Amino acid sequence: MWEHRCKVALSGVGFSKVTRSAETPLAAHALEAVKAAVADSGLQMSDIDGLATYPELPATGHAVIDGVTIVSVNCMMAMLKLPNLGWHIQVETVNIGGAVQQAVNALLAGVCKYAVVWRAMHNPKGTYQNLPGTYAQGTTQFTAPYGFGGPGQGMAVAYTRWLETHGQSREKMATLAVTQRKHTQMNPHAYFYGQPLTREDYLSSRMVAYPFCLYDCDIPVQGAVAVVLTTAERARDLKPRPAYLAGYGQRLKFEVTGRIGSLSSYMEGGRSSSQLTWERSGFSPKDVDVAQIYDGFSASVIYGLESYGFCKEGEALDFIQDGRIELDGDLPLNTFGGSLGTGRIHGLWHIIEGALQASGRAGERQVKDVNVSFVGASAPIVTGTTFIFVREPY
Amino acid sequence: MSDWSQVTRPIPVPNEWTKPFWDAAKQGVLKLQRCQACRHFQHPPYATCVSCMSVDLAFEPVSGKGTIYTYTIMYHAGDKRFAAAVPYASIIVELDDAPGALLAANLLGAPYTEAKVGRRVEVVFERLNDDITLPQFRLAE
């Protein structure tokens, strides 16, 4: 087991308004979320001495403008003018989960006391994936000429492989979409709050890139979320009950950039990341009371459930049936609605919900008697990170 | 069947790693990068052998017969260059000679509904311009 288990905690959380289009510059959303997280902890902004983010704009072919389409650490520093700032970073790999892990490491190293991590996501005008023009350079030379555009199709081919090699049917995914949307109705910050979804809606929705229909894809939005992380000792003196970090992991496998269609890369990414988290925390999948698994595309949940060890390979679409992932089921899943419910904010919201469930702060959607709360914060293939938060330090 | 006649495909830009692939395709030959140490085929081309880390790599011809490893049917017409062909099948092919090396292509000469994991396909060549010819695939016996 990890000697640092339960020595860092997630304290405050904050949300900006989530809108379909960019009505205000992204920096305003990020600032709103960061201020809310600091206030939730009961801290003053001047207490914050660590900053971390993953600022990437996943929409390709659009201008990267700091403060407008991304919010970098430099942008946040310029806005907050923190008098006691002692440490900051923005990560390149493993997405926002990597930024959280770096903040944990900084806290354990004693180079900051209260770290803020945010994820701000922009929805550009026009087509989200503004694909390259006349020519296909780099690894896209082997994919773009054949009409492989954005990440949706890259994910779709892996999902087809999973469906047909395991003799499964995509209609079973309706249960995930409908259950998550049901959970969304208990999350007032979510984009789809107030908009339920029926099984019929899912089954009759338009196809985007088979096997993905519209409701298998998270909707691009403009918004931000943020957290305050601190040492367990300091967290106990703050306003909210802490969620203690029992362990974390990151994916240790990567296939060659540009390789497309491989299912094993998702599975190996998820297995390697979760194995670290299980070993460090000392828990196993059967100990988990509630799980958040990244769902930018619905199929990511399948790869997560299987590669993290919650069910056997080929069985995830059966595993999610019969109420198992409902709030009172055996494995309540994506209890805040997931990205399919909140809109495309990436995995920090999954981490937030994992912590809220562990600390008993999830309100109307709180799962009963939670101690072990698992998070798979992004799609295993590209950026898989995993976390376990607990209510009771051990 | 998807109508490809109105589609404007992005034109591949060969680089030092990939030029032999495109030079061969222009001659109607499918060549993949092969490790000269462990004989492993790989695609897309890479600086080292992903199997044994050797840097001794060369392009060698393959038969062009294989199976559909997986596929997607594209319905979304967000990319206007491909809108005329929607819905169309983008497939991933695993060649008999090169297990593990996965090639993207379109399924030509058949309705998109014919795309299924495991179906036999063979390479055909689609000329884009004087410099670039695309390897593509059609159903085979």
# chains A, B, ... in the order shown; residues from 1 in each chain; ligands from 1

call {"tool": "closest_atom_pairs", "arguments": {"of": "chain A", "to": "chain B", "cutoff": "9 Å", "atoms": "only C-alpha atoms", "output": "Markdown table"}}
result
| residue | atom | partner | partner_atom | distance |
| --- | --- | --- | --- | --- |
| A:Thr127 | CA | B:Gly78 | CA | 6.5 |
| A:Tyr128 | CA | B:Gly78 | CA | 8.6 |
| A:Gln129 | CA | B:Gly78 | CA | 8.2 |
| A:Asn130 | CA | B:Asp79 | CA | 7.8 |
| A:Leu131 | CA | B:Asp79 | CA | 7.1 |
| A:Pro132 | CA | B:Pro10 | CA | 7.7 |
| A:Gly133 | CA | B:Pro10 | CA | 6.6 |
| A:Thr134 | CA | B:Pro10 | CA | 4.9 |
| A:Tyr135 | CA | B:Ile11 | CA | 4.5 |
| A:Ala136 | CA | B:Pro12 | CA | 4.7 |
| A:Gln137 | CA | B:Val13 | CA | 5.3 |
| A:Gly138 | CA | B:Val13 | CA | 7.5 |
| A:Thr139 | CA | B:Pro44 | CA | 7.3 |
| A:Thr140 | CA | B:Pro12 | CA | 7.8 |
| A:Gln141 | CA | B:Pro12 | CA | 4.4 |
| A:Phe142 | CA | B:Ala104 | CA | 6.6 |
| A:Thr143 | CA | B:Ala104 | CA | 5.8 |
| A:Ala144 | CA | B:Pro10 | CA | 6.4 |
| A:Pro145 | CA | B:Pro10 | CA | 5.0 |
| A:Tyr146 | CA | B:Ala105 | CA | 5.5 |
| A:Gly147 | CA | B:Phe82 | CA | 6.6 |
| A:Phe148 | CA | B:Ser90 | CA | 7.1 |
| A:Gly149 | CA | B:Asp79 | CA | 7.7 |
| A:Gln153 | CA | B:Thr72 | CA | 6.6 |
| A:Gly154 | CA | B:Thr72 | CA | 8.6 |
| A:Ala156 | CA | B:Thr72 | CA | 5.9 |
| A:Val157 | CA | B:Tyr71 | CA | 5.0 |
| A:Ala158 | CA | B:Thr70 | CA | 7.1 |
| A:Tyr159 | CA | B:Thr70 | CA | 8.7 |
| A:Thr160 | CA | B:Thr70 | CA | 6.1 |
| A:Arg161 | CA | B:Thr70 | CA | 5.2 |
| A:Trp162 | CA | B:Thr70 | CA | 8.9 |
| A:Glu164 | CA | B:Val117 | CA | 6.5 |
| A:Thr165 | CA | B:Val117 | CA | 7.7 |
| A:Arg206 | CA | B:Tyr75 | CA | 8.5 |
| A:Met207 | CA | B:Tyr75 | CA | 6.1 |
| A:Val208 | CA | B:His76 | CA | 4.9 |
| A:Ala209 | CA | B:Met74 | CA | 4.5 |
| A:Tyr210 | CA | B:Ile73 | CA | 4.9 |
| A:Pro211 | CA | B:Thr72 | CA | 6.8 |
| A:Phe212 | CA | B:Thr72 | CA | 8.9 |
| A:Glu255 | CA | B:Val50 | CA | 8.4 |
| A:Val256 | CA | B:Tyr46 | CA | 7.5 |
| A:Thr257 | CA | B:Pro44 | CA | 8.3 |
| A:Gly258 | CA | B:Pro44 | CA | 6.7 |
| A:Arg259 | CA | B:Pro44 | CA | 6.3 |
| A:Ile260 | CA | B:Leu102 | CA | 7.1 |
| A:Gly261 | CA | B:Ile92 | CA | 6.4 |
| A:Ser262 | CA | B:Leu102 | CA | 8.0 |

call {"tool": "residues_around", "arguments": {"residues": "segment 316-324 of chain A", "least_positions_apart": "4", "cutoff": "12 Å", "atoms": "only C-alpha atoms", "output": "MDAnalysis selection string"}}
result
chainID A and resid 159 162:163 166:180 289:291 298:312 328:334

call {"tool": "residues_around", "arguments": {"residues": "Lys31 of chain B", "least_positions_apart": "5", "cutoff": "6 Å", "atoms": "only C-alpha atoms", "output": "list of chain:residue names"}}
result
B:Phe21, B:Phe59, B:Glu60, B:Pro61, B:Val62

call {"tool": "residues_around", "arguments": {"residues": "Met53 of chain B", "least_positions_apart": "3", "cutoff": "10 Å", "atoms": "only C-alpha atoms", "output": "list in words"}}
result
Cys35, Ala37, Cys38, Ala47, Thr48, Cys49, Val50 and Asp56 of chain B

call {"tool": "write_last_selection", "arguments": {"atoms": "N, CA and C atoms", "output": "mmCIF file, in the first residue's frame"}}
result
data_model
loop_
_atom_site.group_PDB
_atom_site.id
_atom_site.type_symbol
_atom_site.label_atom_id
_atom_site.label_comp_id
_atom_site.auth_asym_id
_atom_site.auth_seq_id
_atom_site.Cartn_x
_atom_site.Cartn_y
_atom_site.Cartn_z
ATOM 1 N N CYS B 35 10.409 -4.430 -39.671
ATOM 2 C CA CYS B 35 11.646 -4.469 -38.899
ATOM 3 C C CYS B 35 12.565 -5.540 -39.490
ATOM 4 N N ALA B 37 15.185 -6.654 -38.094
ATOM 5 C CA ALA B 37 15.753 -7.474 -37.011
ATOM 6 C C ALA B 37 14.781 -8.571 -36.595
ATOM 7 N N CYS B 38 13.515 -8.192 -36.267
ATOM 8 C CA CYS B 38 12.573 -9.200 -35.758
ATOM 9 C C CYS B 38 11.483 -9.536 -36.772
ATOM 10 N N ALA B 47 9.582 5.581 -36.059
ATOM 11 C CA ALA B 47 11.040 5.738 -36.079
ATOM 12 C C ALA B 47 11.773 4.475 -35.655
ATOM 13 N N THR B 48 11.112 3.684 -34.813
ATOM 14 C CA THR B 48 11.734 2.450 -34.317
ATOM 15 C C THR B 48 10.737 1.314 -34.450
ATOM 16 N N CYS B 49 11.247 0.087 -34.359
ATOM 17 C CA CYS B 49 10.347 -1.066 -34.325
ATOM 18 C C CYS B 49 9.614 -1.065 -32.985
ATOM 19 N N VAL B 50 8.275 -1.067 -33.030
ATOM 20 C CA VAL B 50 7.521 -0.995 -31.772
ATOM 21 C C VAL B 50 7.553 -2.346 -31.048
ATOM 22 N N ASP B 56 16.519 -0.596 -37.536
ATOM 23 C CA ASP B 56 16.766 -1.125 -38.882
ATOM 24 C C ASP B 56 15.426 -1.488 -39.520
#

call {"tool": "atom_distance", "arguments": {"atom1": "atom CA of Phe254 of chain A", "atom2": "atom CA of Leu51 of chain A"}}
result
27.5 Å

call {"tool": "residues_around", "arguments": {"residues": "segment 5-13 of chain A", "least_positions_apart": "2", "cutoff": "7 Å", "atoms": "only C-alpha atoms", "output": "compact mmCIF listing (two decimals) with C-alpha atoms, in the first residue's frame"}}
result
# COMPACT_ATOMS: atom_id res chain seq x y z
CA TRP A 2 0.97 3.58 -0.64
CA GLU A 3 2.62 5.28 2.32
CA ALA A 36 -16.58 29.12 -5.92
CA ALA A 37 -14.19 26.29 -5.01
CA VAL A 38 -12.12 28.54 -2.73
CA ASP A 40 -16.61 26.29 -0.68
CA SER A 41 -13.47 25.45 1.30
CA VAL A 104 -1.14 15.96 -4.92
CA ALA A 226 -12.46 23.69 -10.08
CA VAL A 227 -11.27 22.04 -6.88
CA VAL A 228 -9.17 22.86 -3.83
CA LEU A 229 -6.71 20.17 -2.75
CA THR A 230 -4.77 20.29 0.48
CA THR A 231 -3.10 18.04 3.01
CA ALA A 232 -5.42 15.88 5.10
CA ALA A 235 -8.42 19.82 5.16
CA PRO A 240 -16.42 20.93 4.11
CA PRO A 242 -12.72 16.19 3.30
CA ALA A 243 -12.61 13.41 0.74
CA TYR A 244 -9.35 11.57 1.41
CA LEU A 245 -7.26 10.39 -1.55
CA ALA A 246 -6.50 6.72 -0.98
CA GLY A 247 -4.56 6.15 -4.18
CA SER A 281 -5.10 1.99 -1.97
CA ILE A 352 -15.36 16.21 -8.12
CA ALA A 355 -14.97 13.31 -3.84
CA PRO A 393 -8.89 7.61 6.48

call {"tool": "closest_residue", "arguments": {"among": "A:Asp218, A:Glu353, A:Glu313, A:Asp369", "to": "Ser339 of chain A", "atoms": "only C-alpha atoms"}}
result
A:Asp218

call {"tool": "select_by_dssp", "arguments": {"residues": "segment 326-394 of chain A", "states": "alpha helix (DSSP H)", "output": "count of residues only"}}
result
20

call {"tool": "closest_residue", "arguments": {"among": "A:Ser284, A:Gln250, A:Thr24, A:Gln44", "to": "Pro83 of chain A", "atoms": "only C-alpha atoms"}}
result
A:Gln44

call {"tool": "select_by_dssp", "arguments": {"residues": "segment 32-65 of chain A", "states": "strand (DSSP E)", "output": "list in words"}}
result
Gly50, Leu51, Ala52 and Thr53 of chain A
